[in-house]
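> Mind looking over this structure? Questions follow.
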4 protein chains.
Amino acid sequence: MNHGAQLERLKAFSDAVFAIAITLLVIEVHVPRLDTLDDAAYLAALAHLGPSFMGFVLSFLTIGALWMAHHRLFGVLESYEPRLMWPNMLLLMVIAFMPFATALMSSNPIARVPEVFYSATLLAAGLLQLWLFQVALKPGRVRADVPPEEINALRWRSLTLPTAATVALLTAWHMPGNNNCFLLLIPLLARAYAALGRRRALRHPATPATP
Amino acid sequence: MNHGAQLERLKAFSDAVFAIAITLLVIEVHVPRLDTLDDAAYLAALAHLGPSFMGFVLSFLTIGALWMAHHRLFGVLESYEPRLMWPNMLLLMVIAFMPFATALMSSNPIARVPEVFYSATLLAAGLLQLWLFQVALKPGRVRADVPPEEINALRWRSLTLPTAATVALLTAWHMPGNNNCFLLLIPLLARAYAALGRRRALRHPATPATP
Amino acid sequence: MNHGAQLERLKAFSDAVFAIAITLLVIEVHVPRLDTLDDAAYLAALAHLGPSFMGFVLSFLTIGALWMAHHRLFGVLESYEPRLMWPNMLLLMVIAFMPFATALMSSNPIARVPEVFYSATLLAAGLLQLWLFQVALKPGRVRADVPPEEINALRWRSLTLPTAATVALLTAWHMPGNNNCFLLLIPLLARAYAALGRRRALRHPATPATP
Amino acid sequence: MNHGAQLERLKAFSDAVFAIAITLLVIEVHVPRLDTLDDAAYLAALAHLGPSFMGFVLSFLTIGALWMAHHRLFGVLESYEPRLMWPNMLLLMVIAFMPFATALMSSNPIARVPEVFYSATLLAAGLLQLWLFQVALKPGRVRADVPPEEINALRWRSLTLPTAATVALLTAWHMPGNNNCFLLLIPLLARAYAALGRRRALRHPATPATP
């Protein structure tokens, strides 16, 4: 069968789910409807929406980072591999669930359960992404022209979300309240992990250190 | 006309409808908005959403399985065939309707009518998918390099959803209440049907046994 | 510039808008939430949703028919033509507006204004589609291997929605109430117009009769 | 790595976000539900929705113009360039936020804060677009067959939204109330800027005047 076209279609479907979930986030930011011309009343209403704006930005960037990682991974694959189907589908399920988790967290920014629930959703996404990367980066599934250190960088990079989500989960449990902002550091953590994986592979080319 | 491009576009449009319907499911899971910091109140609210979560997972996996079947079918087609247009469009209509049927079922998990309605929607999707497969797998529409036993496996596989939905419909009618969980077995049933179809085609290569 | 890729992207964007608008229709079918196990109460609630179901089906099939026409048109084009951009964008704007017009019509199935508003929205879509077809089917923009009678069939086919919407508008004005069902005949009317255009082009090959 | 495919996928993801945001605009136009057959009551309800319709059209055309500019820019790029990822992702974030800003503005058409908020959102989109264009049009990232005056036209064109949004912001601040209509002139302004950029590049071919 034409595995190239199959891979294209799996990417297209995944892209669509990522794009829809990321755009649906805005629906949960409820528009205030005031019967006034008073500037202060509007500013107060917008300030009250602060946690919703924060949740929108946080989840947009997290889903965006997940999409970028997906984009990188599928960019090095040789061809379609049916074993990718289920980990990918389950990852997409958690992505599609993100608008709910985001709105729950934004509904009460200092309560413990919503924040733990949000971090747990991120952790689920991170672990499914890790599984997808493990399945996809098996020998023989990556294009021959991809240098081994890049493969190792990808492998290490997939530890980013599980790490960040675990920290967020523990923090939310012990000190709930508005402290998910550090998730904005995910891109930096991703780069650090990738650099680490790349360096280790270059240092030990024969037996690449996999996480 | 360039039938390859036409086929690509039909796939792209179908992918988009599948992806949007599967992602819109989350909109019907209503976010609880509590004015409390009490953990127990949040846990109770989330437990109350149990049927909605179950409905989300069930419909996500069912639509996902329908998309995977669509993906498999269009992966073996030779070229664009205008006769596929209507069965495909009607199948997409039922897929697009799934968020409503899911939310209705989740709104009252032990009432009979919502569960029967949900199963009937699945049955409609299953029968339209069966029709699409019958039209698409006619001789001359499949690429020459696809072995006949794989075509027969696809044919048999398309019996999965009609079978599962009929059982769900009868069960919902006679014993309503939270028993759609067995729909999670759909992937296993699909594999069993595919294996059966493959084996029958290999045993009787001259006159392949079609369902 | 690489006009092939530009054309692909215009198609992809249009497909996405069609697919999203067609799938968003279901959001306006409001899920009844009853606190009962009584079958009759559920059946009454579903019967009450009759006009919403009808509106969903009607608009799904109308947007579907518009997409199919778009698909046919772009299947015969030679390459990207910037003049297509605005008629296409305005057509997409009316398509994206369809969920509102549909919900308004379904909100009160026997009132005159909602039905007239719905028909007028369809008429706007029909006229923009006609404009798009006029611009796209100009000499030199169609692939050389497309027979002239097929081009004429496409031209005539684009009269379908303006015709049907005008009839719907007049009927809604004079006899409001549940009589948009005849829009389900749009596919038949499209075939009749296409056959007429094809026959006229074959009869007068030198000076093809354009509508 | 196969940069062509990577570029395709970035375009596809961006297209999907543009298409979803542009189509979600309609969700914020709330359907009036009246229990009457009185034509005048319906007409009054529709007239009351005037600002929502205006907001829908305005934001549809603005997002449409942003998409067209994106389409033009990516049509001249040589290949995938990782540095495009972040400006593009942040631009998409503001696009995805547009349905909220639009609904806020439409909720009270003569209040100052909603209109300023809307214009500021447009300005953010305009500045991110400007950044994206600066990064993308660096020497060596554009296909060799694109004439330099076209590159300069693109550069100047990207000043359109920042200019228009700044004027809208100042107007909204000093004279709030229904005066965003002039944003409909964006396409004309875009053409004027493009013509200016093209002319300047043709006049000084050695040292093209960049904005």
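How things are named: the first chain in the structure tokens is A, the next is B, and so on; residues count from 1 in each chain; ligands count from 1 in the order shown.
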Pick out the chain D residues within 8 Å of chain A. Count only C-alpha atoms. Give them as a ChimeraX atom specification.
/D:1-2,5-6,9,12-14,16-17,20-21,89,93,96-97,99-100,103-104,107-108,110-114
> Suppose we keep N, CA, C and O atoms; can you now write the selection as a tab-separated table (two decimals), in the first residue's frame?

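Output contents, as saved in result.tsv:
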chain	number	residue	atom	x	y	z
D	1	MET	N	16.72	17.08	6.62
D	1	MET	CA	15.29	16.74	6.74
D	1	MET	C	14.51	17.29	5.54
D	1	MET	O	14.97	18.21	4.87
D	2	ASN	N	13.36	16.74	5.23
D	2	ASN	CA	12.61	17.19	4.06
D	2	ASN	C	11.83	18.46	4.39
D	2	ASN	O	10.71	18.44	4.87
D	5	ALA	N	8.15	19.23	2.97
D	5	ALA	CA	7.01	18.66	3.70
D	5	ALA	C	6.75	19.41	5.00
D	5	ALA	O	5.61	19.62	5.40
D	6	GLN	N	7.84	19.85	5.67
D	6	GLN	CA	7.68	20.59	6.92
D	6	GLN	C	6.95	21.91	6.68
D	6	GLN	O	6.09	22.31	7.45
D	9	ARG	N	3.33	21.35	6.12
D	9	ARG	CA	2.56	21.06	7.32
D	9	ARG	C	2.33	22.31	8.15
D	9	ARG	O	1.28	22.48	8.76
D	12	ALA	N	-0.50	23.99	6.53
D	12	ALA	CA	-1.76	23.29	6.76
D	12	ALA	C	-2.29	23.60	8.16
D	12	ALA	O	-3.49	23.86	8.35
D	13	PHE	N	-1.40	23.59	9.16
D	13	PHE	CA	-1.83	23.87	10.53
D	13	PHE	C	-2.32	25.31	10.65
D	13	PHE	O	-3.36	25.58	11.25
D	14	SER	N	-1.58	26.24	10.04
D	14	SER	CA	-1.98	27.64	10.09
D	14	SER	C	-3.32	27.84	9.40
D	14	SER	O	-4.21	28.53	9.93
D	16	ALA	N	-5.69	25.76	9.09
D	16	ALA	CA	-6.77	25.22	9.91
D	16	ALA	C	-7.13	26.19	11.03
D	16	ALA	O	-8.31	26.45	11.27
D	17	VAL	N	-6.13	26.79	11.68
D	17	VAL	CA	-6.44	27.73	12.76
D	17	VAL	C	-7.16	28.96	12.20
D	17	VAL	O	-8.18	29.40	12.76
D	20	ILE	N	-10.76	27.88	11.38
D	20	ILE	CA	-11.62	27.62	12.53
D	20	ILE	C	-11.98	28.93	13.22
D	20	ILE	O	-13.14	29.17	13.55
D	21	ALA	N	-10.99	29.80	13.41
D	21	ALA	CA	-11.27	31.08	14.08
D	21	ALA	C	-12.29	31.88	13.27
D	21	ALA	O	-13.23	32.46	13.83
D	89	MET	N	3.24	31.00	15.49
D	89	MET	CA	2.39	30.46	16.56
D	89	MET	C	1.74	31.58	17.36
D	89	MET	O	0.56	31.52	17.70
D	93	MET	N	-2.19	32.59	17.81
D	93	MET	CA	-2.84	32.75	19.11
D	93	MET	C	-3.76	33.97	19.11
D	93	MET	O	-4.89	33.90	19.61
D	96	ALA	N	-6.80	33.21	16.99
D	96	ALA	CA	-7.74	32.35	17.71
D	96	ALA	C	-8.49	33.12	18.78
D	96	ALA	O	-9.57	32.71	19.22
D	97	PHE	N	-7.92	34.24	19.22
D	97	PHE	CA	-8.55	35.05	20.26
D	97	PHE	C	-9.59	36.02	19.68
D	97	PHE	O	-10.42	36.56	20.41
D	99	PRO	N	-12.43	35.75	18.03
D	99	PRO	CA	-13.86	35.60	18.33
D	99	PRO	C	-14.25	36.25	19.66
D	99	PRO	O	-15.32	36.85	19.78
D	100	PHE	N	-13.37	36.16	20.67
D	100	PHE	CA	-13.68	36.82	21.95
D	100	PHE	C	-13.72	38.33	21.79
D	100	PHE	O	-14.67	39.00	22.20
D	103	ALA	N	-16.81	39.47	19.91
D	103	ALA	CA	-18.05	39.38	20.68
D	103	ALA	C	-18.09	40.46	21.74
D	103	ALA	O	-19.15	41.03	22.03
D	104	LEU	N	-16.95	40.77	22.34
D	104	LEU	CA	-16.92	41.83	23.35
D	104	LEU	C	-17.31	43.16	22.71
D	104	LEU	O	-18.15	43.90	23.23
D	107	SER	N	-20.95	43.32	21.89
D	107	SER	CA	-21.87	43.27	23.03
D	107	SER	C	-22.34	44.68	23.41
D	107	SER	O	-23.38	44.85	24.02
D	108	ASN	N	-21.54	45.67	23.10
D	108	ASN	CA	-21.94	47.04	23.42
D	108	ASN	C	-21.26	47.98	22.43
D	108	ASN	O	-20.13	48.42	22.64
D	110	ILE	N	-21.33	51.01	21.57
D	110	ILE	CA	-20.92	52.42	21.75
D	110	ILE	C	-20.05	52.62	22.98
D	110	ILE	O	-19.69	53.77	23.28
D	111	ALA	N	-19.68	51.55	23.66
D	111	ALA	CA	-18.80	51.70	24.83
D	111	ALA	C	-17.34	51.78	24.38
D	111	ALA	O	-16.97	51.20	23.36
D	112	ARG	N	-16.52	52.49	25.16
D	112	ARG	CA	-15.15	52.73	24.75
D	112	ARG	C	-14.24	51.50	24.93
D	112	ARG	O	-13.51	51.11	24.01
D	113	VAL	N	-14.29	50.89	26.13
D	113	VAL	CA	-13.34	49.82	26.43
D	113	VAL	C	-13.43	48.65	25.44
D	113	VAL	O	-12.39	48.20	24.93
D	114	PRO	N	-14.63	48.14	25.13
D	114	PRO	CA	-14.68	47.01	24.18
D	114	PRO	C	-14.05	47.36	22.83
D	114	PRO	O	-13.36	46.54	22.23
> Just the alpha helix (DSSP H) stuff from stretch 10-141 of chain C, please, per backbone DSSP, written as an mmCIF file with C-alpha atoms, in the first residue's frame.

data_model
loop_
_atom_site.group_PDB
_atom_site.id
_atom_site.type_symbol
_atom_site.label_atom_id
_atom_site.label_comp_id
_atom_site.auth_asym_id
_atom_site.auth_seq_id
_atom_site.Cartn_x
_atom_site.Cartn_y
_atom_site.Cartn_z
ATOM 1 C CA LEU C 10 -6.883 27.990 -1.488
ATOM 2 C CA LYS C 11 -8.717 24.684 -1.808
ATOM 3 C CA ALA C 12 -7.470 23.516 1.589
ATOM 4 C CA PHE C 13 -8.616 26.716 3.317
ATOM 5 C CA SER C 14 -12.003 26.594 1.595
ATOM 6 C CA ASP C 15 -12.436 22.916 2.493
ATOM 7 C CA ALA C 16 -11.732 23.706 6.121
ATOM 8 C CA VAL C 17 -14.316 26.508 6.255
ATOM 9 C CA PHE C 18 -16.939 24.318 4.549
ATOM 10 C CA ALA C 19 -16.156 21.436 6.916
ATOM 11 C CA ILE C 20 -16.280 23.580 10.055
ATOM 12 C CA ALA C 21 -19.496 25.362 9.102
ATOM 13 C CA ILE C 22 -21.187 22.049 8.234
ATOM 14 C CA THR C 23 -20.116 20.489 11.537
ATOM 15 C CA LEU C 24 -20.953 23.529 13.693
ATOM 16 C CA ASP C 39 -39.872 7.452 27.886
ATOM 17 C CA ALA C 40 -42.806 9.626 26.799
ATOM 18 C CA ALA C 41 -41.213 12.801 28.172
ATOM 19 C CA TYR C 42 -38.033 12.139 26.171
ATOM 20 C CA LEU C 43 -39.967 11.345 23.012
ATOM 21 C CA ALA C 44 -41.925 14.586 23.400
ATOM 22 C CA ALA C 45 -38.678 16.537 23.879
ATOM 23 C CA LEU C 46 -37.193 14.945 20.758
ATOM 24 C CA ALA C 47 -40.375 15.622 18.760
ATOM 25 C CA HIS C 48 -40.165 19.237 19.886
ATOM 26 C CA GLY C 50 -38.103 18.202 14.975
ATOM 27 C CA PRO C 51 -37.543 21.570 13.259
ATOM 28 C CA SER C 52 -33.956 21.680 14.553
ATOM 29 C CA PHE C 53 -33.258 18.204 13.135
ATOM 30 C CA MET C 54 -34.869 19.239 9.839
ATOM 31 C CA GLY C 55 -32.772 22.423 9.747
ATOM 32 C CA PHE C 56 -29.605 20.434 10.484
ATOM 33 C CA VAL C 57 -30.273 17.983 7.640
ATOM 34 C CA LEU C 58 -31.350 20.689 5.189
ATOM 35 C CA SER C 59 -28.340 22.936 5.817
ATOM 36 C CA PHE C 60 -25.932 19.993 5.933
ATOM 37 C CA LEU C 61 -27.068 18.853 2.505
ATOM 38 C CA THR C 62 -27.105 22.397 1.090
ATOM 39 C CA ILE C 63 -23.587 23.190 2.335
ATOM 40 C CA GLY C 64 -22.572 19.710 1.169
ATOM 41 C CA ALA C 65 -23.939 20.453 -2.324
ATOM 42 C CA LEU C 66 -22.106 23.801 -2.348
ATOM 43 C CA TRP C 67 -18.890 22.030 -1.375
ATOM 44 C CA MET C 68 -19.370 19.419 -4.100
ATOM 45 C CA ALA C 69 -19.848 22.196 -6.681
ATOM 46 C CA HIS C 70 -16.694 23.932 -5.374
ATOM 47 C CA HIS C 71 -14.864 20.604 -5.612
ATOM 48 C CA ARG C 72 -16.007 20.142 -9.234
ATOM 49 C CA LEU C 73 -15.079 23.696 -10.209
ATOM 50 C CA PHE C 74 -11.587 23.620 -8.705
ATOM 51 C CA GLY C 75 -11.063 20.177 -10.269
ATOM 52 C CA VAL C 76 -11.077 21.699 -13.767
ATOM 53 C CA MET C 85 -9.804 35.158 -4.030
ATOM 54 C CA TRP C 86 -12.543 37.671 -3.271
ATOM 55 C CA PRO C 87 -15.601 35.865 -4.675
ATOM 56 C CA ASN C 88 -14.362 32.764 -2.868
ATOM 57 C CA MET C 89 -13.806 34.605 0.426
ATOM 58 C CA LEU C 90 -17.265 36.212 0.318
ATOM 59 C CA LEU C 91 -18.872 32.857 -0.495
ATOM 60 C CA LEU C 92 -17.079 31.358 2.512
ATOM 61 C CA MET C 93 -18.388 34.221 4.658
ATOM 62 C CA VAL C 94 -21.976 33.327 3.806
ATOM 63 C CA ILE C 95 -21.235 29.607 4.350
ATOM 64 C CA ALA C 96 -19.787 30.425 7.778
ATOM 65 C CA PHE C 97 -22.970 32.387 8.530
ATOM 66 C CA MET C 98 -25.256 29.432 7.706
ATOM 67 C CA PRO C 99 -25.305 27.997 11.274
ATOM 68 C CA PHE C 100 -26.914 31.261 12.467
ATOM 69 C CA ALA C 101 -29.506 31.364 9.666
ATOM 70 C CA THR C 102 -30.308 27.686 10.258
ATOM 71 C CA ALA C 103 -30.776 28.120 13.999
ATOM 72 C CA LEU C 104 -32.962 31.183 13.451
ATOM 73 C CA MET C 105 -35.210 29.263 11.056
ATOM 74 C CA SER C 106 -35.376 26.251 13.382
ATOM 75 C CA SER C 107 -36.212 28.442 16.389
ATOM 76 C CA ARG C 112 -42.285 34.249 8.189
ATOM 77 C CA VAL C 113 -39.177 36.364 8.931
ATOM 78 C CA PRO C 114 -36.839 33.510 9.988
ATOM 79 C CA GLU C 115 -37.752 31.516 6.905
ATOM 80 C CA VAL C 116 -37.324 34.491 4.575
ATOM 81 C CA PHE C 117 -33.987 35.273 6.282
ATOM 82 C CA TYR C 118 -32.825 31.683 5.719
ATOM 83 C CA SER C 119 -33.838 31.708 2.058
ATOM 84 C CA ALA C 120 -32.162 35.079 1.555
ATOM 85 C CA THR C 121 -28.936 33.698 3.044
ATOM 86 C CA LEU C 122 -29.120 30.789 0.597
ATOM 87 C CA LEU C 123 -29.760 33.230 -2.241
ATOM 88 C CA ALA C 124 -26.684 35.251 -1.248
ATOM 89 C CA ALA C 125 -24.622 32.038 -1.253
ATOM 90 C CA GLY C 126 -26.070 31.097 -4.644
ATOM 91 C CA LEU C 127 -25.279 34.454 -6.237
ATOM 92 C CA LEU C 128 -21.717 34.499 -4.866
ATOM 93 C CA GLN C 129 -21.228 30.964 -6.156
ATOM 94 C CA LEU C 130 -22.504 32.094 -9.563
ATOM 95 C CA TRP C 131 -19.974 34.968 -9.523
ATOM 96 C CA LEU C 132 -17.152 32.586 -8.540
ATOM 97 C CA PHE C 133 -18.076 30.244 -11.406
ATOM 98 C CA GLN C 134 -18.217 33.136 -13.895
ATOM 99 C CA VAL C 135 -14.747 34.320 -12.874
ATOM 100 C CA ALA C 136 -13.223 30.834 -12.750
#
> For D:Val167, work out the shell of residues within 10 Å, counting only C-alpha atoms and skipping chain neighbours fewer than 4 positions away, then give it as a VMD selection string.
chain D and resid 119 123 161 to 163 171 to 173 180 182 to 183
> Any chance you can output those residues with N, CA, C and O atoms as an mmCIF file, in the first residue's frame?

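Below is the file out.cif, written as the result:
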data_model
loop_
_atom_site.group_PDB
_atom_site.id
_atom_site.type_symbol
_atom_site.label_atom_id
_atom_site.label_comp_id
_atom_site.auth_asym_id
_atom_site.auth_seq_id
_atom_site.Cartn_x
_atom_site.Cartn_y
_atom_site.Cartn_z
ATOM 1 N N SER D 119 -9.539 46.923 18.948
ATOM 2 C CA SER D 119 -8.484 47.527 18.132
ATOM 3 C C SER D 119 -7.105 47.080 18.618
ATOM 4 O O SER D 119 -6.201 46.860 17.808
ATOM 5 N N LEU D 123 -4.172 45.286 16.620
ATOM 6 C CA LEU D 123 -2.813 45.824 16.584
ATOM 7 C C LEU D 123 -1.802 44.731 16.933
ATOM 8 O O LEU D 123 -0.748 44.603 16.285
ATOM 9 N N LEU D 161 -2.055 46.271 8.431
ATOM 10 C CA LEU D 161 -2.838 46.058 9.640
ATOM 11 C C LEU D 161 -2.318 46.904 10.808
ATOM 12 O O LEU D 161 -3.151 47.512 11.516
ATOM 13 N N PRO D 162 -0.990 47.015 11.021
ATOM 14 C CA PRO D 162 -0.547 47.924 12.092
ATOM 15 C C PRO D 162 -1.062 49.346 11.901
ATOM 16 O O PRO D 162 -1.524 49.972 12.856
ATOM 17 N N THR D 163 -1.002 49.848 10.658
ATOM 18 C CA THR D 163 -1.500 51.207 10.403
ATOM 19 C C THR D 163 -2.986 51.316 10.726
ATOM 20 O O THR D 163 -3.419 52.182 11.504
ATOM 21 N N THR D 171 -8.998 56.283 17.309
ATOM 22 C CA THR D 171 -10.377 56.717 17.107
ATOM 23 C C THR D 171 -11.269 56.176 18.217
ATOM 24 O O THR D 171 -12.121 56.889 18.764
ATOM 25 N N ALA D 172 -11.103 54.910 18.544
ATOM 26 C CA ALA D 172 -11.943 54.296 19.567
ATOM 27 C C ALA D 172 -11.738 54.983 20.905
ATOM 28 O O ALA D 172 -12.682 55.156 21.685
ATOM 29 N N TRP D 173 -10.497 55.361 21.164
ATOM 30 C CA TRP D 173 -10.201 55.993 22.448
ATOM 31 C C TRP D 173 -10.879 57.360 22.555
ATOM 32 O O TRP D 173 -11.524 57.674 23.556
ATOM 33 N N ASN D 180 -15.663 51.469 13.527
ATOM 34 C CA ASN D 180 -14.667 50.541 12.997
ATOM 35 C C ASN D 180 -14.916 50.189 11.538
ATOM 36 O O ASN D 180 -14.144 49.450 10.938
ATOM 37 N N PHE D 182 -14.440 51.669 8.985
ATOM 38 C CA PHE D 182 -13.381 52.023 8.035
ATOM 39 C C PHE D 182 -12.357 50.888 7.891
ATOM 40 O O PHE D 182 -11.567 50.882 6.958
ATOM 41 N N LEU D 183 -12.407 49.910 8.834
ATOM 42 C CA LEU D 183 -11.507 48.755 8.681
ATOM 43 C C LEU D 183 -11.813 47.993 7.396
ATOM 44 O O LEU D 183 -10.981 47.233 6.901
#
> Mind giving me the straight-line distance from atom CA of D:Ser158 to atom CA of D:Arg191 in Å, one decimal?
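Separating atom CA of D:Ser158 from atom CA of D:Arg191 is a distance of 10.7 Å.
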> Report, in Å with one decimal, the straight-line distance from atom CA of D:Leu188 to atom CA of D:Leu170.
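One can read the atom CA of D:Leu188 to atom CA of D:Leu170 distance as 20.3 Å.
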> Nearest residue to C:Leu185 out of C:Leu7, C:Ala168, C:Ala201, C:Ala153, using only C-alpha atoms?
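Residue with the minimum atom-to-atom distance to C:Leu185: C:Ala168.
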> Could you check how far atom CA of D:Arg155 sits from atom CA of D:Arg141, in Å to one decimal?
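About the pair atom CA of D:Arg155 and atom CA of D:Arg141: they are 13.7 Å apart.
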